[in-house]
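Novice: Have a look at this one.
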Amino acid sequence: MIAFGIILLALLGVPLFAIIGLSALLSFYNAEIDSAAIFVELYRVASNPTLIAIPLFTFSGFILAHGKTPERLTRISQSILRGAPGGIPLAILMACAFFTALTGASGVTIIALGGLLYPLLLKEKYGENFSLGLITSSGSLGLLFPPSLPLILYGLVAQVSVDKLFIAGIFPGLLMILIVSAFAISQSPQYRQSINWPEAKSALIEAIWELPLPFIVLGGIYGGFFTVTEAASVTVVYVILIQAFIYKDLDMMQDLPGLMKESMVLVGTILIILGTAMGFTNYLVDEQIPMTILETMKQYIHDPLTFLMVLNVFLLIVGCTMDIFSAIIVVVPLIIPIAQSFDINMVHLGIIFLTNLEIGYSTPPVGINLFIASTRFNKPVIKLYKAVLPFLGLRLIGLILITYIPGISLFLIEWISD
């Protein structure tokens, strides 16, 4: 009866952290365990030094989204790649990936860039379904690239090096872009325009302060100049300086407090879910729930390849029914013991996990990006289902390659370590 009541509350729209917290409190009460364990876990999470990177990178992303960064990224990608076969779609993929990596929010990318990119594709004679599908699917492409917030959050929850995750996501992210680009070339109109070199030079000069940002973050971390947390601090200072004093897209007095408030509301939501979910996870571990699931799975699954196949199906379902932050917080602690029993590398597991979730964002029938795009472009969501199917198939091919060829994720880490 209590379980039914909790499910009913979830269906009525009660916030996820309240549902998880209530489940944890009731579970601890029934097991006669002091409920203070939840708050102890929240304190442990809050005291993790890597945690501060999440609000700082989130704030940086909100600042960039507030200004004209989307327009500048679109302009530079378009001017340089316009003359290549499939150049405009490739420019869109690169711009979306870059923007999503910086903001950590897939839906924001569709909202911020969609109004610019959709008319551009139609103007270049690409079909309506192709254009809608490309933009809707591209919204989540950058989640594998540093300094993506989901990468940081996975590292925090799974206790995996964020530095390694940043490196591991680069090749899989590029692979996804290349696969979709190959399809875009096949859909490209017959005519091609030559590169407008003066326009390309002008676009490069205009975006000259924003383009180095990923290299500053990665170069600083792997050059030993600063940690991930310090990189986040540098990023905040850098984006405020360029947006407020160079581009003047940001008014320090009027815009900054509002952006800070908006970004911290998002961060607060993540942290509350993280604390309650980790407390509930401790209860599940104490009750040996993951081990019970593992023993059950071992009756039917006897090798890592089969486990990864089942895991992919499960995560695709999770990805289209939960937001990525909640999915990481709730699901990762449960699957880690099972994955470790099959000797799955935890960094590789993280890339598989996030690849599934980014695909889930645009997976019918309830992928959140489908509804965001439907609202943004004023199209029936059924039309979006049809539009994303080719891209969904292509990205599933990429997922299979990433899942069953660990070297795609781990090669760069091993090369740097040697």
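Each chain in the structure tokens gets a letter, A, B, ..., in the order shown, and its residues are numbered from 1; ligands are numbered from 1 in order too.
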Assign secondary structure with DSSP using the backbone only, and return the residues of segment 132-377 of chain A in helix (DSSP H, G or I) as JSON, numbers by chain.
Specialist: {"A": [132, 133, 134, 135, 136, 137, 138, 141, 142, 143, 144, 149, 150, 151, 152, 153, 154, 155, 156, 157, 158, 162, 163, 164, 165, 166, 167, 168, 170, 171, 172, 173, 174, 175, 176, 177, 178, 179, 180, 181, 182, 183, 184, 185, 186, 197, 198, 199, 200, 201, 202, 203, 204, 205, 206, 213, 214, 215, 216, 217, 218, 219, 220, 221, 222, 228, 229, 230, 231, 232, 233, 234, 235, 236, 237, 238, 239, 240, 241, 242, 243, 244, 245, 246, 256, 257, 258, 259, 260, 261, 262, 263, 264, 265, 266, 267, 268, 269, 270, 271, 272, 273, 274, 275, 276, 277, 278, 279, 280, 281, 282, 283, 284, 285, 286, 289, 290, 291, 292, 293, 294, 295, 296, 297, 298, 304, 305, 306, 307, 308, 309, 310, 311, 312, 313, 314, 315, 316, 317, 318, 319, 320, 321, 324, 325, 326, 327, 328, 329, 330, 331, 332, 333, 334, 335, 336, 337, 338, 339, 340, 341, 346, 347, 348, 349, 350, 351, 352, 353, 354, 355, 356, 357, 358, 359, 360, 368, 369, 370, 371, 372, 373, 374, 375, 376, 377]}
Novice: Which residues come within 10 Å of Leu151 of chain A, counting only C-alpha atoms, excluding same-chain residues fewer than 2 positions away, as a VMD selection string?
Specialist: chain A and resid 101 104 143 to 149 153 to 156 160 to 166 168 to 169 328 350 to 351 353 to 354
Novice: Please, could you write that set of residues out with C-alpha atoms as a short mmCIF file (atom, residue, chain, number, x, y, z; two decimals), in the first residue's frame?
Specialist:
data_model
loop_
_atom_site.label_atom_id
_atom_site.label_comp_id
_atom_site.auth_asym_id
_atom_site.auth_seq_id
_atom_site.Cartn_x
_atom_site.Cartn_y
_atom_site.Cartn_z
CA ALA A 101 29.56 20.48 -24.00
CA GLY A 104 25.74 20.57 -20.25
CA LEU A 143 27.46 15.37 -23.67
CA LEU A 144 30.56 13.22 -24.23
CA PHE A 145 32.91 16.18 -24.67
CA PRO A 146 34.62 18.01 -21.79
CA PRO A 147 33.68 19.90 -19.69
CA SER A 148 30.30 18.15 -19.88
CA LEU A 149 28.45 18.19 -16.53
CA LEU A 153 28.58 13.84 -12.20
CA TYR A 154 29.25 10.26 -13.32
CA GLY A 155 32.83 10.54 -12.05
CA LEU A 156 31.55 11.83 -8.72
CA VAL A 160 36.08 7.53 -11.21
CA SER A 161 38.72 10.06 -12.28
CA VAL A 162 36.99 12.96 -14.05
CA ASP A 163 40.26 13.67 -15.88
CA LYS A 164 40.13 10.22 -17.48
CA LEU A 165 36.46 10.61 -18.37
CA PHE A 166 37.18 13.92 -20.13
CA ALA A 168 37.75 9.02 -22.82
CA GLY A 169 34.75 10.89 -24.23
CA ILE A 328 23.20 8.96 -13.32
CA GLY A 350 30.76 5.66 -18.03
CA ILE A 351 31.06 6.37 -21.76
CA PHE A 353 26.22 4.95 -19.91
CA LEU A 354 26.31 8.53 -21.20
#
Novice: Name the residues in contact with Phe98 of chain A at a cut-off of 8 Å, using only C-alpha atoms, excluding same-chain residues fewer than 4 positions from it; report them as a ChimeraX atom specification.
Specialist: /A:94,102,142,145
Novice: Just to confirm, what's the straight-line distance from atom CA of Pro304 of chain A to atom CA of Ile329 of chain A in Å (one decimal)?
Specialist: 23.2 Å
Novice: Which one of A:Ala53, A:Leu316, A:Leu389, A:Ile400 sits closest to Pro172 of chain A if you count only C-alpha atoms?
Specialist: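 Checking each candidate against Pro172 of chain A, we get A:Ile400 as the closest.
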Novice: So how many Å separate atom CA of Pro337 of chain A and atom CA of Leu412 of chain A, to one decimal?
Specialist: 25.4 Å
Novice: Between A:Pro70, A:Ile111, A:Ile80, A:Thr235, which is the closest to Leu370 of chain A once you count only C-alpha atoms?
Specialist: A:Ile111
Novice: Atom CA of Leu394 of chain A and atom CA of Val180 of chain A, how far apart in Å?
Specialist: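 These two atoms are separated by 6.6 Å.
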Novice: Got a sec: who's within 10 Å of Ile135 of chain A, counting only C-alpha atoms, leaving out chain neighbours fewer than 4 positions off, as a compact mmCIF listing (two decimals) with C-alpha atoms, in the first residue's frame?
Specialist:
# COMPACT_ATOMS: atom_id res chain seq x y z
CA PRO A 89 24.88 19.75 -41.44
CA ILE A 92 25.47 22.32 -37.24
CA LEU A 93 26.74 19.12 -35.61
CA CYS A 96 25.64 21.89 -31.27
CA THR A 109 20.95 23.73 -27.31
CA ILE A 110 17.76 23.03 -29.26
CA LEU A 113 20.33 27.20 -31.76
CA GLY A 114 17.16 25.78 -33.28
CA LEU A 117 19.75 26.37 -37.73
CA TYR A 118 16.38 25.05 -38.88
CA LEU A 121 18.89 23.93 -43.45
CA PHE A 130 16.00 15.65 -42.29
CA SER A 131 16.33 19.15 -40.83
CA GLY A 139 21.06 18.59 -29.21
CA SER A 140 22.68 15.92 -27.06
CA ASN A 369 14.19 16.41 -26.77
CA ALA A 373 11.75 20.32 -30.46
CA ALA A 387 12.17 12.65 -38.38
CA VAL A 388 14.57 11.23 -35.76
Novice: Show me, as a list in words, the residues that have an atom within 9 Å of Lys201 of chain A when counting only C-alpha atoms, minus same-chain residues fewer than 3 positions from it.
Specialist: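 So, after excluding close chain neighbours, the residues are Ile76, Ser79, Ile80, Asn196, Trp197, Pro198, Leu204, Ile205 and Glu206 of chain A.
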Novice: Deliver the residues from the most recent selection as a file, using N, CA and C atoms, as a CSV table (one decimal), in the first residue's frame.
Specialist:
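Printed below is out-v6.csv as written:
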chain,number,residue,atom,x,y,z
A,76,ILE,N,30.7,30.7,-37.5
A,76,ILE,CA,32.1,30.2,-37.8
A,76,ILE,C,32.0,28.8,-38.5
A,79,SER,N,30.6,29.2,-42.1
A,79,SER,CA,31.5,29.9,-43.1
A,79,SER,C,32.6,29.0,-43.5
A,80,ILE,N,33.1,28.2,-42.6
A,80,ILE,CA,34.3,27.3,-42.9
A,80,ILE,C,33.9,26.0,-43.6
A,196,ASN,N,33.5,31.3,-48.6
A,196,ASN,CA,33.6,32.7,-48.6
A,196,ASN,C,34.7,33.1,-47.6
A,197,TRP,N,36.0,33.2,-48.1
A,197,TRP,CA,37.1,33.3,-47.3
A,197,TRP,C,37.1,34.6,-46.4
A,198,PRO,N,36.7,35.7,-46.9
A,198,PRO,CA,36.5,36.9,-46.1
A,198,PRO,C,35.5,36.7,-44.9
A,204,LEU,N,36.0,33.9,-37.7
A,204,LEU,CA,37.1,33.4,-36.8
A,204,LEU,C,37.5,34.5,-35.8
A,205,ILE,N,37.7,35.7,-36.4
A,205,ILE,CA,38.1,36.9,-35.5
A,205,ILE,C,37.0,37.2,-34.5
A,206,GLU,N,35.7,37.1,-34.9
A,206,GLU,CA,34.7,37.4,-34.0
A,206,GLU,C,34.6,36.4,-32.8
Novice: With distances taken over only C-alpha atoms, which residue among A:Gly61, A:Pro189, A:Gly319, A:Gly133 lies nearest Ile88 of chain A?
Specialist: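 That would be A:Pro189, the residue with the smallest distance to Ile88 of chain A.
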Novice: Given only C-alpha atoms as the basis, pick out the residue of A:Phe342, A:Phe314, A:Tyr43, A:Phe411 nearest to Ile170 of chain A.
Specialist: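 For Ile170 of chain A, the nearest of the given residues is A:Phe411.
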Novice: In terms of the shortest atom-to-atom distance over only C-alpha atoms, which of A:Gly127, A:Ala231, A:Leu410, A:Ile405 is closest to Phe215 of chain A?
Specialist: A:Ala231
Novice: Using only C-alpha atoms for the distances, tell me which of A:Ile63, A:Leu116, A:Val157, A:Ala97 is nearest to Leu141 of chain A.
Specialist: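 The answer is A:Ala97, which sits nearest to Leu141 of chain A.
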